[in-house]
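Notes for the one structure printed next.
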Amino acid sequence: QVQLVESGGGLVQPGGSLRLSCAASGFTLSSYAMSWYRQAPGKERELAATISSIGGITNYADSVKGRFTISRDYVKNTVYLQMNSLKPEDTAVYFCNAKRSVRYDYWGQGTQVTVSS
């Protein structure tokens, strides 16, 4: 059974850090482009970071560039999102996505990140 399970969300103060994890089962991440999306209340889902299947090329939304880092562990079949210098506007549900084609496009259930003092 194909599954993506996110973890690591929670409540953090502004300026703090969190590391999100996305563990895959039922398939191998290495042949998929992996991405983290986020959706804030009342807003559309937006792409935060992505890492390519070949070469590990990363791309970031301007709003998170320099603060977030996406990475993948082939042995653990897991992708991570390290989030530093968090701001209240980073508050959102964060979703993991694995995509190889239109047919092979998987989503996790999401993990809540709240940045508040």
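The way I read the labels, and the way they are meant: chains A, B, ... in the order of the structure tokens, residue 1 as the first residue of every chain, and ligand 1 as the first ligand shown, with later ones counted on from there.
Using only C-alpha atoms, the protein and nucleic acid residues lying no more than 8 Å from range 76-86 of chain A, apart from those fewer than 5 places from it along its own chain, are Gln13, Pro14, Gly15, Gly16, Ser17, Leu18, Arg19, Leu20, Ser21, Cys22, Ala23, Ala24, Ser25, Thr28, Leu29, Ser30, Met34, Trp36, Arg67, Phe68, Thr69, Ile70, Ser71 and Val115 of chain A.
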* Using only C-alpha atoms, determine which residues lie at most 6 Å from range 99-108 of chain A, disregarding the query and same-chain residues fewer than 5 positions distant; provide the list as a ChimeraX atom specification. => /A:4-5,32-33
* **Given only C-alpha atoms as the counted atoms, nearest of A:Gln109, A:Phe95, A:Gly55, A:Asp90 to Leu11 in chain A** => A:Asp90
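Compared by their closest atoms to Val113 in chain A, and using only C-alpha atoms, the residues A:Ser31, A:Ser63, A:Ser7, A:Ser52 rank with A:Ser7 nearest.
Across the model, the gap from CA of Gln112 in chain A to CA of Arg72 in chain A is 20.5 Å.
Put simply, CA of Ser35 in chain A is 21.5 Å away from CA of Pro88 in chain A.
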